[in-house]
Amino acid sequence: MTSAPTTPDDAPKFRYTGALAQEIELRWQDRWEADGTFETPNPAGPLADPERIAGRPKIFVLDMFPYPSGTGLHVGHPLGFIGTDIYSRYKRMTGFNVMYTMGFDAFGLPAEQHAVETGQHPAITTAANVTNYRRQLRRLGLSHDARRSISTTDPGYYRWTQWIFLQIFNSWYDTEADKARPISELVAQYESGDRATADGRAWGDMSAAERNVIVEGHRLAYVSDAPVNWCPGLGTVVANEEVTADGRSDRGNFPVFKRNMRQWMMRITSYADRLIADLDLLEWTDAIKAMQRNWIGRSEGASVHFASPAGPITVFTTRPDTLFGATFMVLAPEHPLVDRLTTPERRDIVAQYRHQAASKKDIDRQDDTREKTGVATGSYAINPLTGESIPIWIADYVLMGYGTGAIMAVPCGDQRDFEFARLYGLPIPAIQQPPDRSLDTATWDSAFIGDAPFVNSSNDSLDLNDIDSVATAKRLTNQWLAANGHGEAAITYKLRDWLFSRQRYWGEPFPIVYDLDGNPHGLPDSELPLVLPETDSFSPRTFDPNDEFSNPESPLDRLEWWTHVELDLGDGPQPYRRDTNVMPQWAGSCWYELRYLDPTNEQQFVDPEVERYWMGPQPEGHDGHEHPGGVDLYVGGVEHAVLHLLYARFWHKVLFDLGHVSSKEPYYRLFNQGYILAAAFKDEREIYVDATEVVERDGNYFHGDLRVTREWGKMGKSLKNAVTPDDICQSFGADTLRLYEMAMGPLDASRPWETRDVVGMYRFLQRLWRNVVDEETGELALLDADATLDTQRLVHRTINGVRDDMDALRFNTAIAKLIELNNQLTKLGGCPRDIAEPLVLMIAPLAAHVAEELWAKLGHTDSVAYQPFPTADPALLVAETIEYPVQINGKVRGRVTVAAGTEPSGVEAAALADDKVIASLAGAAPKKVIVIPGRMVNIVA
RNA sequence: GCCCGAGUGGCGGAAUGGCAGACGCGACGGACUCAAAAUCCGUUGUCCGAAAGGGCGUGUGGGUUCGAGUCCCACCUCGGGCACCA
């Protein structure tokens with residue numbers, strides 16, 4: 001199915017076939033490598049070449065780097081890579097110094113799993129996979145600077161991942177300065193008394209242990225008890241996605257328990273507001289920005305304290321203005337105060353409900369239409385505004401993980417509370433007078449949410465009645481709450497701190513040791529990199545799958561020789577124990593773009609001068625917007641819209657606050673490429689069959705004699721529909737593959753792969769080749785004349801259009817314009833000699849190899865890579881005559897051709913004089929004639 | 001449910017509010033060939049018509065406009081994200 005059209009034995013010797021394309025491509029790839037064609041100069045350091053930088057603007061083009069899997073690339077993977085390559089090549093030809101390379105995100109679970117299964121060390125399989133990926137990417141002709149390629153698993157790389165971790169560990173967030181600062185400055189503030197301690201005691205009066213608690217409590221990377229999914233059967237903590245609906249592990253089907261565990265956390269929540277606010281600086285799509293805002297989930301409201309028999313219960317509400325209507329309170333079943341609030345006679349029913357809620361939680365989560373359930377605790381709280389006793393219930397629609405795990409229920413103003421009150425016969429007093437509704441809520445069929453005058457909303461010191469603005473009522477209520485000690489304005493986020501440790505082997509070891517008292521200490525720089533120790537047992541220790549209270553033991557725990565060390569951290573040699581967790585796979589991808597800039601620097605993670613040059617704020621950004629610095633174009637899949645892009649922004653902001661980088665944001669302009677989908681076929685047993693063996697007959701699909709059904713999905717092994725770039729390169733050449741992937745549609749749209757269609761781009765290159773080269777001799781064969789004015793005009797219109805398309809990443813329409821030009825040349829019987837160079841230069845970013853070959857045939861010895869991209873002559877962009885379509889009442893009825901520059905009155909006269917127009921008007925007098933200069937004429941009859 | 005996107009020929013897709021369907025695939029016809037493949041030339045939205053020509057056409061219904069695939073309102077369908085978020 002992937003084979004090229006067969007080439008007959010008697011075909012011209014120099015026809016552009018798959019075989020010739022391959023020969024050309026491999027030759028030029030070797031040449032580029034030998035000449036270092038795509039090596040990008042830095043302003044300083046070992047890769048410096050000031051001469052090649054002078055006078056050239058810079059641009060940093062970045063792909064989301066891949067995880068090098070064992071199965072290699074399929075044609076869906078390089079869609080974005082081809083796009084960035086074309087853009088990079090175009091930018092080089094328009095005078096830019098282009099940063100463009102590729103690294104590998106090579107730590108992670110699949111390599112570890114593979115190692116567990118095969119016994120082969122993940123370092124070995126990873127190295128083999130990286131080698132294979134590099135080979136496949138090179139075969140596509142990507143113009144990477146290979147010297148800058150890194151793998152997150154190189155000790156020379158993760159040394160700096162560990163260093164950045166220590167920067168974060170040694171920092172705290174100063175909420176007044178609104179930035180991270182070194183923890184030593186916090187200690188200095190406490191020591192000098194500039195900063196008061198929580199209990200007002202002098203720093204010097206505290207014990208070392210007490211001071212430690214305060215310092216550890218401020219670090220941006222800290223150890224804490226965090227709720228995790230503990231899977232004793234696997235011996236690891238698993239992510240939410242890896243837990244099935246019935247609370248078992250995806251892998252192995254073992255029970256998973258929610259419990260607290262000591263874990264490394266990152267205080268990303270300190271940056272929540274800046275992560276939202278700085279989205280405004282970025283050229284990202286609104287969709288991605290919305291996803292990030294959504295994920296951070298900021299809500300403004302108030303904390304309100306309700307007195308209860310178990311002490312104050314704090315709730316978070318976005319509608320403090322409705323507090324007069326709070327007639328009951330609901331706690332999450334897991335809320336820690338539930339035991340103390342439950343009265344003896346309610347004990348059994350509450351226990352039963354809590355048990356129920358705990359066991360079926362995850363399945364029912366999916367079901368938002370389900371009826372509300374809940375039980376009363378038997379206790380009452382006091383509504384601080386009304387002084388009334390209100391019952392305290394528990395219900396599973398209140399979540400422990402959001403806000404405070406408790407809500408005040410305002411049934412007239414919240415739909416869930418409304419339904420709950422209806423169900424359990426709780427009172428629903430109206431506190432607003434909605435338009436078109438009576439105050440008798442028995443007549444309501446839903447809660448009322450919106451602006452409307454408040455009623456029944458006053459006490460001795462607060463009167464909201466007749467206020468018709470929610471915002472005003474909120475403000476007044478918040479003031480009252482604060483003044484009376486019942487609460488304060490508050491902001492809540494959905495974003496949680498980032499759980500940063502994994503009980504696994506194939507990751508970056510933490511550069512942390514613990515002293516005998518269990519206090520963590522960062523390793524000094526001289527101890528970095530802390531190399532991942534060699535071992536041949538990669539699996540974490542597993543436990544009885546049902547032993548909920550077992551404790552994780554990572555593979556590193558077993559390496560006694562490694563975990564116990566003696567170090568001098570300033571007070572003489574002392575025994576320490578190493579941290580045995582590793583970092584999550586996200587860590588390495590949080591800063592890789594910075595290492596590309598200065599990949600071999602052993603003194604710093606990046607030379608500040610080099611960093612400023614590539615990442616610093618720019619005078620002008622995309623489309624004339626402000627450019628706050630960062631990568632100029634970042635291309636990758638939308639699947640990283642939240643986690644990677646949020647974590648990387650967070651790390652970058654810490655580095656910015658500490659003065660290590662010059663840009664506030666790592667990725668200025670983000671472009672999400674679409675996916676390549678592919679047909680997958682299932683037989684009657686619902687089992688996928690090899691897509692390459694399926695044939696279509698009369699709109700039905702058959703695998704052998706069996707009828708199969710078609711569906712569309714991401715390309716991959718599991719759907720048995722993967723097509724490899726190696727096959728396509730072999731059959732048609734990489735240039736055809738590049739063109740096909742780009743011509744399929746806009747880069748940001750997903751589209752189905754059709755091997756059948758690839759031949760279209762192959763034919764295009766074949767015709768292009770034939771227009772310039774004699775297929776029999778392989779010699780240059782241009783028309784023996786210069787282009788006519790008409791052809792010149794077409795060429796210059798094409799130049800103009802292709803430039804616009806390239807700038808806007810519209811490679812599909814750029815290709816269409818080039819095909820159109822080439823088709824015109826085919827009609828002429830070949831390429832006029834003065835058109836050949838612009839033609840080859842325009843095709844060069846797209847079909848890089850064939851362009852190099854043709855460029856050489858045109859007599860040039862230099863690579864086409866740095867030749868100036870053609871510039872359109874404005875004089876040739878305007879035509880001598882213009883054909884105007886003439887519409888009558890919006891329908892085209894005729895055409896007139898007039899000289900360019902004819903005044904509208906002249907165009908109108910010509911239109912009204914046209915035979916067809918006269919016939920169509922049939923004597924009717926035009927009421928109005930609209931002439932759009934250069935466009936068209938519309939006659940209103 | 002909420003938040004983003006998108007609906008155009010047989011298929012992938014083009015179209016600063018100004019000639020809908022560029023370009024490619026497929027299909028059909030022709031050239032070359034003993035024949036086929038490859039290659040080349042031509043036709044190809046749909047309906048009526050021998051043709052000239054005409055009617056209808058961008059998910060549905062309304063609106064703005066001289067003019068709407070494009071802008072506005074309502075709805076339908078599909079894709080993505082979040083979801084009992086207080």
# chains A, B, ... in the order shown; residues from 1 in each chain; ligands from 1
$ interface_residues --of "chain A" --to "chain B" --cutoff "7 Å" --atoms "only C-alpha atoms (C1' of nucleotides)" --output "ChimeraX atom specification"
/A:5-8,287,291,316-318,368,397-398,402,407,744-745,757,760,816,885,890,892,930,935-936,938,940
$ write_last_selection --atoms "N, CA, C and O atoms" --output "compact mmCIF listing (two decimals), in the first residue's frame"
# COMPACT_ATOMS: atom_id res chain seq x y z
N PRO A 5 4.26 4.43 -7.37
CA PRO A 5 3.91 3.93 -8.69
C PRO A 5 5.14 3.22 -9.28
O PRO A 5 6.25 3.72 -9.13
N THR A 6 4.91 2.12 -9.91
CA THR A 6 6.06 1.37 -10.43
C THR A 6 6.74 2.14 -11.55
O THR A 6 6.10 2.85 -12.32
N THR A 7 8.03 2.03 -11.61
CA THR A 7 8.79 2.71 -12.64
C THR A 7 9.21 1.67 -13.67
O THR A 7 9.83 0.67 -13.32
N PRO A 8 8.86 1.88 -14.94
CA PRO A 8 9.22 0.88 -15.95
C PRO A 8 10.72 0.91 -16.22
O PRO A 8 11.38 1.90 -15.98
N ALA A 287 -8.19 29.15 23.23
CA ALA A 287 -8.59 27.83 23.75
C ALA A 287 -7.59 27.36 24.80
O ALA A 287 -7.98 26.89 25.88
N MET A 291 -8.03 26.85 28.82
CA MET A 291 -7.77 25.60 29.54
C MET A 291 -6.89 25.85 30.75
O MET A 291 -7.09 25.26 31.81
N PHE A 316 -15.98 28.18 52.22
CA PHE A 316 -15.67 29.13 51.18
C PHE A 316 -16.91 29.31 50.33
O PHE A 316 -17.59 28.33 50.03
N THR A 317 -17.23 30.58 50.00
CA THR A 317 -18.37 30.82 49.13
C THR A 317 -18.03 31.91 48.13
O THR A 317 -17.30 32.84 48.45
N THR A 318 -18.54 31.76 46.92
CA THR A 318 -18.38 32.84 45.94
C THR A 318 -19.51 33.85 46.07
O THR A 318 -19.51 34.86 45.40
N ASP A 368 -23.33 13.07 36.66
CA ASP A 368 -23.71 14.34 37.27
C ASP A 368 -25.23 14.52 37.31
O ASP A 368 -25.73 15.49 37.83
N TYR A 397 -22.03 15.53 47.40
CA TYR A 397 -21.83 16.54 46.36
C TYR A 397 -20.89 17.63 46.82
O TYR A 397 -20.49 18.48 46.02
N VAL A 398 -20.52 17.60 48.07
CA VAL A 398 -19.48 18.49 48.56
C VAL A 398 -18.17 17.71 48.60
O VAL A 398 -18.12 16.61 49.13
N TYR A 402 -11.89 20.52 47.40
CA TYR A 402 -12.06 21.88 46.89
C TYR A 402 -12.54 22.79 48.00
O TYR A 402 -13.38 22.40 48.81
N ILE A 407 -19.64 23.67 52.80
CA ILE A 407 -20.31 24.79 52.17
C ILE A 407 -21.45 25.29 53.04
O ILE A 407 -21.98 24.55 53.88
N MET A 744 -1.87 18.53 3.16
CA MET A 744 -3.13 17.90 3.58
C MET A 744 -4.14 18.88 4.15
O MET A 744 -5.34 18.63 4.14
N GLY A 745 -3.65 19.96 4.72
CA GLY A 745 -4.58 20.91 5.33
C GLY A 745 -3.82 21.86 6.21
O GLY A 745 -2.59 21.80 6.27
N ASP A 757 -3.21 9.32 -1.43
CA ASP A 757 -3.09 10.71 -1.88
C ASP A 757 -1.65 11.21 -2.02
O ASP A 757 -1.41 12.26 -2.61
N GLY A 760 0.09 12.58 -5.26
CA GLY A 760 -0.16 13.92 -5.81
C GLY A 760 1.07 14.81 -5.69
O GLY A 760 1.44 15.51 -6.63
N ALA A 816 0.01 25.03 -2.72
CA ALA A 816 -0.97 25.15 -3.81
C ALA A 816 -0.54 26.22 -4.81
O ALA A 816 -0.64 26.03 -6.03
N PRO A 885 -16.28 41.32 -12.63
CA PRO A 885 -17.56 40.64 -12.73
C PRO A 885 -18.67 41.66 -12.47
O PRO A 885 -18.51 42.54 -11.62
N GLY A 890 -26.76 40.96 -7.04
CA GLY A 890 -25.94 39.97 -6.37
C GLY A 890 -25.62 38.73 -7.18
O GLY A 890 -24.94 37.83 -6.70
N VAL A 892 -23.89 37.19 -10.73
CA VAL A 892 -23.00 37.57 -11.82
C VAL A 892 -23.72 37.36 -13.15
O VAL A 892 -24.19 36.27 -13.45
N ILE A 930 -23.00 49.89 -7.62
CA ILE A 930 -21.90 49.92 -6.67
C ILE A 930 -20.65 49.40 -7.36
O ILE A 930 -20.67 48.29 -7.91
N ARG A 935 -12.39 45.11 -7.70
CA ARG A 935 -13.11 43.92 -7.26
C ARG A 935 -14.28 43.56 -8.17
O ARG A 935 -14.26 42.54 -8.85
N MET A 936 -15.30 44.37 -8.12
CA MET A 936 -16.51 43.99 -8.85
C MET A 936 -17.51 45.15 -8.95
O MET A 936 -17.34 46.20 -8.36
N ASN A 938 -21.75 45.85 -8.76
CA ASN A 938 -23.06 45.29 -8.44
C ASN A 938 -24.13 46.32 -8.81
O ASN A 938 -24.06 47.47 -8.40
N VAL A 940 -28.00 47.32 -8.66
CA VAL A 940 -29.28 47.06 -8.00
C VAL A 940 -30.37 47.49 -8.96
O VAL A 940 -30.46 48.67 -9.32
$ residues_around --residues "A:Thr126" --least-positions-apart "2" --cutoff "9 Å" --atoms "only C-alpha atoms (C1' of nucleotides)" --output "count of residues only"
15
$ residues_around --residues "A:Pro78" --least-positions-apart "6" --cutoff "9 Å" --atoms "only C-alpha atoms (C1' of nucleotides)" --output "PDB file with N, CA and C atoms, in the first residue's frame"
ATOM      1  N   LEU A 137      14.616  11.099  12.072  1.00  0.00           N
ATOM      2  CA  LEU A 137      14.424  12.544  11.916  1.00  0.00           C
ATOM      3  C   LEU A 137      15.394  13.104  10.875  1.00  0.00           C
ATOM      4  N   LEU A 140      14.259  12.730   7.367  1.00  0.00           N
ATOM      5  CA  LEU A 140      13.235  13.674   6.911  1.00  0.00           C
ATOM      6  C   LEU A 140      13.841  14.994   6.452  1.00  0.00           C
ATOM      7  N   PRO A 725       7.463   6.690   8.447  1.00  0.00           N
ATOM      8  CA  PRO A 725       8.078   7.608   7.487  1.00  0.00           C
ATOM      9  C   PRO A 725       9.156   6.892   6.677  1.00  0.00           C
ATOM     10  N   GLU A 741       2.472  15.939   3.881  1.00  0.00           N
ATOM     11  CA  GLU A 741       1.983  16.231   5.231  1.00  0.00           C
ATOM     12  C   GLU A 741       1.544  17.692   5.360  1.00  0.00           C
TER      13      GLU A 741
END
$ select_by_dssp --residues "stretch 759-897 of chain A" --states "alpha helix (DSSP H)" --output "number ranges by chain"
A: 759-772, 789-807, 811-828, 836-843, 848-857
$ closest_residue --among "A:Val638, A:Ala482, A:Val654, A:Met615" --to "A:Tyr667" --atoms "only C-alpha atoms"
A:Met615
$ residues_around --residues "A:Ile687" --least-positions-apart "3" --cutoff "12 Å" --atoms "only C-alpha atoms (C1' of nucleotides)" --output "list of chain:residue names"
A:Ala680, A:Phe681, A:Lys682, A:Asp683, A:Glu684, A:Asp690, A:Ala691, A:His703, A:Val708, A:Thr709, A:Arg710, A:Ser718, A:Leu719, A:Lys720
$ write_last_selection --atoms "N, CA, C and O atoms" --output "PDB file, in the first residue's frame"
ATOM      1  N   ALA A 680      -8.781   2.872  11.005  1.00  0.00           N
ATOM      2  CA  ALA A 680      -8.469   1.600  11.655  1.00  0.00           C
ATOM      3  C   ALA A 680      -9.652   0.685  11.369  1.00  0.00           C
ATOM      4  O   ALA A 680     -10.786   1.147  11.209  1.00  0.00           O
ATOM      5  N   PHE A 681      -9.397  -0.601  11.270  1.00  0.00           N
ATOM      6  CA  PHE A 681     -10.452  -1.530  10.867  1.00  0.00           C
ATOM      7  C   PHE A 681     -10.605  -2.649  11.888  1.00  0.00           C
ATOM      8  O   PHE A 681      -9.615  -3.231  12.329  1.00  0.00           O
ATOM      9  N   LYS A 682     -11.868  -2.918  12.233  1.00  0.00           N
ATOM     10  CA  LYS A 682     -12.177  -3.957  13.218  1.00  0.00           C
ATOM     11  C   LYS A 682     -12.976  -5.061  12.552  1.00  0.00           C
ATOM     12  O   LYS A 682     -13.868  -4.768  11.748  1.00  0.00           O
ATOM     13  N   ASP A 683     -12.693  -6.280  12.929  1.00  0.00           N
ATOM     14  CA  ASP A 683     -13.529  -7.366  12.421  1.00  0.00           C
ATOM     15  C   ASP A 683     -14.712  -7.589  13.356  1.00  0.00           C
ATOM     16  O   ASP A 683     -14.922  -6.817  14.298  1.00  0.00           O
ATOM     17  N   GLU A 684     -15.469  -8.669  13.100  1.00  0.00           N
ATOM     18  CA  GLU A 684     -16.684  -8.895  13.888  1.00  0.00           C
ATOM     19  C   GLU A 684     -16.394  -9.126  15.368  1.00  0.00           C
ATOM     20  O   GLU A 684     -17.244  -8.872  16.221  1.00  0.00           O
ATOM     21  N   ASP A 690      -4.823  -5.525  10.498  1.00  0.00           N
ATOM     22  CA  ASP A 690      -3.789  -4.713   9.864  1.00  0.00           C
ATOM     23  C   ASP A 690      -4.399  -3.849   8.758  1.00  0.00           C
ATOM     24  O   ASP A 690      -4.915  -4.358   7.763  1.00  0.00           O
ATOM     25  N   ALA A 691      -4.320  -2.539   8.940  1.00  0.00           N
ATOM     26  CA  ALA A 691      -4.995  -1.625   8.011  1.00  0.00           C
ATOM     27  C   ALA A 691      -4.418  -1.721   6.596  1.00  0.00           C
ATOM     28  O   ALA A 691      -5.124  -1.462   5.617  1.00  0.00           O
ATOM     29  N   HIS A 703     -11.185  -7.495   4.842  1.00  0.00           N
ATOM     30  CA  HIS A 703      -9.893  -8.034   5.224  1.00  0.00           C
ATOM     31  C   HIS A 703      -9.925  -9.484   4.799  1.00  0.00           C
ATOM     32  O   HIS A 703     -10.598 -10.304   5.420  1.00  0.00           O
ATOM     33  N   VAL A 708     -15.064  -5.806   7.295  1.00  0.00           N
ATOM     34  CA  VAL A 708     -14.594  -5.131   8.513  1.00  0.00           C
ATOM     35  C   VAL A 708     -15.181  -3.722   8.556  1.00  0.00           C
ATOM     36  O   VAL A 708     -15.611  -3.189   7.535  1.00  0.00           O
ATOM     37  N   THR A 709     -15.193  -3.139   9.751  1.00  0.00           N
ATOM     38  CA  THR A 709     -15.748  -1.785   9.882  1.00  0.00           C
ATOM     39  C   THR A 709     -14.617  -0.791  10.080  1.00  0.00           C
ATOM     40  O   THR A 709     -13.589  -1.103  10.682  1.00  0.00           O
ATOM     41  N   ARG A 710     -14.855   0.406   9.562  1.00  0.00           N
ATOM     42  CA  ARG A 710     -13.818   1.426   9.605  1.00  0.00           C
ATOM     43  C   ARG A 710     -14.103   2.429  10.727  1.00  0.00           C
ATOM     44  O   ARG A 710     -15.252   2.800  10.961  1.00  0.00           O
ATOM     45  N   SER A 718      -1.517   0.189  18.550  1.00  0.00           N
ATOM     46  CA  SER A 718      -2.678  -0.498  19.105  1.00  0.00           C
ATOM     47  C   SER A 718      -3.822  -0.570  18.094  1.00  0.00           C
ATOM     48  O   SER A 718      -4.624  -1.494  18.141  1.00  0.00           O
ATOM     49  N   LEU A 719      -3.909   0.391  17.178  1.00  0.00           N
ATOM     50  CA  LEU A 719      -4.979   0.359  16.180  1.00  0.00           C
ATOM     51  C   LEU A 719      -4.518  -0.355  14.900  1.00  0.00           C
ATOM     52  O   LEU A 719      -5.271  -0.429  13.934  1.00  0.00           O
ATOM     53  N   LYS A 720      -3.288  -0.803  14.910  1.00  0.00           N
ATOM     54  CA  LYS A 720      -2.725  -1.515  13.755  1.00  0.00           C
ATOM     55  C   LYS A 720      -2.860  -0.705  12.466  1.00  0.00           C
ATOM     56  O   LYS A 720      -3.218  -1.238  11.410  1.00  0.00           O
TER      57      LYS A 720
END
$ closest_residue --among "A:Gln29, A:Ser589, A:Thr580, A:Thr125" --to "A:Asp63" --atoms "only C-alpha atoms"
A:Ser589
$ residues_around --residues "B:U58" --least-positions-apart "4" --cutoff "8 Å" --atoms "only C-alpha atoms (C1' of nucleotides)" --output "list of chain:residue names"
B:U8, B:A20, B:G69
$ atom_distance --atom1 "atom CA of A:Leu783" --atom2 "atom CA of A:Pro832"
4.7 Å
$ atom_distance --atom1 "atom CA of A:Thr343" --atom2 "atom CA of A:Asp417"
23.1 Å
$ atom_distance --atom1 "atom CA of A:Lys827" --atom2 "atom CA of A:Trp769"
14.4 Å
$ decode --residues "stretch 15-36 of chain A" --atoms "N, CA and C atoms" --output "mmCIF file, in the first residue's frame"
data_model
loop_
_atom_site.group_PDB
_atom_site.id
_atom_site.type_symbol
_atom_site.label_atom_id
_atom_site.label_comp_id
_atom_site.auth_asym_id
_atom_site.auth_seq_id
_atom_site.Cartn_x
_atom_site.Cartn_y
_atom_site.Cartn_z
ATOM 1 N N ARG A 15 14.407 10.473 -14.571
ATOM 2 C CA ARG A 15 13.075 10.851 -14.087
ATOM 3 C C ARG A 15 13.127 10.937 -12.559
ATOM 4 N N TYR A 16 12.359 11.862 -11.991
ATOM 5 C CA TYR A 16 12.328 12.005 -10.533
ATOM 6 C C TYR A 16 11.485 10.880 -9.944
ATOM 7 N N THR A 17 12.121 9.769 -9.652
ATOM 8 C CA THR A 17 11.435 8.622 -9.048
ATOM 9 C C THR A 17 11.793 8.545 -7.571
ATOM 10 N N GLY A 18 11.158 7.629 -6.873
ATOM 11 C CA GLY A 18 11.477 7.429 -5.464
ATOM 12 C C GLY A 18 12.949 7.103 -5.277
ATOM 13 N N ALA A 19 13.484 6.306 -6.209
ATOM 14 C CA ALA A 19 14.883 5.909 -6.087
ATOM 15 C C ALA A 19 15.808 7.110 -6.270
ATOM 16 N N LEU A 20 15.502 7.950 -7.284
ATOM 17 C CA LEU A 20 16.347 9.121 -7.512
ATOM 18 C C LEU A 20 16.226 10.093 -6.340
ATOM 19 N N ALA A 21 14.989 10.273 -5.850
ATOM 20 C CA ALA A 21 14.767 11.170 -4.717
ATOM 21 C C ALA A 21 15.606 10.708 -3.536
ATOM 22 N N GLN A 22 15.596 9.417 -3.297
ATOM 23 C CA GLN A 22 16.339 8.891 -2.168
ATOM 24 C C GLN A 22 17.837 9.148 -2.320
ATOM 25 N N GLU A 23 18.329 8.932 -3.544
ATOM 26 C CA GLU A 23 19.761 9.154 -3.792
ATOM 27 C C GLU A 23 20.111 10.622 -3.527
ATOM 28 N N ILE A 24 19.300 11.522 -4.067
ATOM 29 C CA ILE A 24 19.540 12.959 -3.879
ATOM 30 C C ILE A 24 19.497 13.316 -2.399
ATOM 31 N N GLU A 25 18.491 12.798 -1.715
ATOM 32 C CA GLU A 25 18.273 13.188 -0.324
ATOM 33 C C GLU A 25 19.415 12.737 0.584
ATOM 34 N N LEU A 26 19.810 11.468 0.431
ATOM 35 C CA LEU A 26 20.873 10.964 1.297
ATOM 36 C C LEU A 26 22.165 11.733 1.042
ATOM 37 N N ARG A 27 22.417 12.064 -0.223
ATOM 38 C CA ARG A 27 23.628 12.806 -0.565
ATOM 39 C C ARG A 27 23.624 14.183 0.103
ATOM 40 N N TRP A 28 22.492 14.874 0.012
ATOM 41 C CA TRP A 28 22.467 16.211 0.594
ATOM 42 C C TRP A 28 22.474 16.179 2.114
ATOM 43 N N GLN A 29 21.873 15.163 2.686
ATOM 44 C CA GLN A 29 21.915 15.065 4.150
ATOM 45 C C GLN A 29 23.356 14.884 4.637
ATOM 46 N N ASP A 30 24.116 14.085 3.903
ATOM 47 C CA ASP A 30 25.529 13.907 4.259
ATOM 48 C C ASP A 30 26.284 15.223 4.096
ATOM 49 N N ARG A 31 25.997 15.906 3.019
ATOM 50 C CA ARG A 31 26.681 17.164 2.738
ATOM 51 C C ARG A 31 26.377 18.196 3.836
ATOM 52 N N TRP A 32 25.096 18.303 4.217
ATOM 53 C CA TRP A 32 24.733 19.264 5.280
ATOM 54 C C TRP A 32 25.494 18.961 6.563
ATOM 55 N N GLU A 33 25.578 17.657 6.852
ATOM 56 C CA GLU A 33 26.269 17.274 8.082
ATOM 57 C C GLU A 33 27.755 17.609 7.980
ATOM 58 N N ALA A 34 28.357 17.249 6.837
ATOM 59 C CA ALA A 34 29.793 17.475 6.670
ATOM 60 C C ALA A 34 30.116 18.972 6.707
ATOM 61 N N ASP A 35 29.265 19.784 6.125
ATOM 62 C CA ASP A 35 29.526 21.223 6.069
ATOM 63 C C ASP A 35 29.053 21.968 7.312
ATOM 64 N N GLY A 36 28.342 21.284 8.188
ATOM 65 C CA GLY A 36 27.779 21.968 9.355
ATOM 66 C C GLY A 36 26.811 23.069 8.937
#
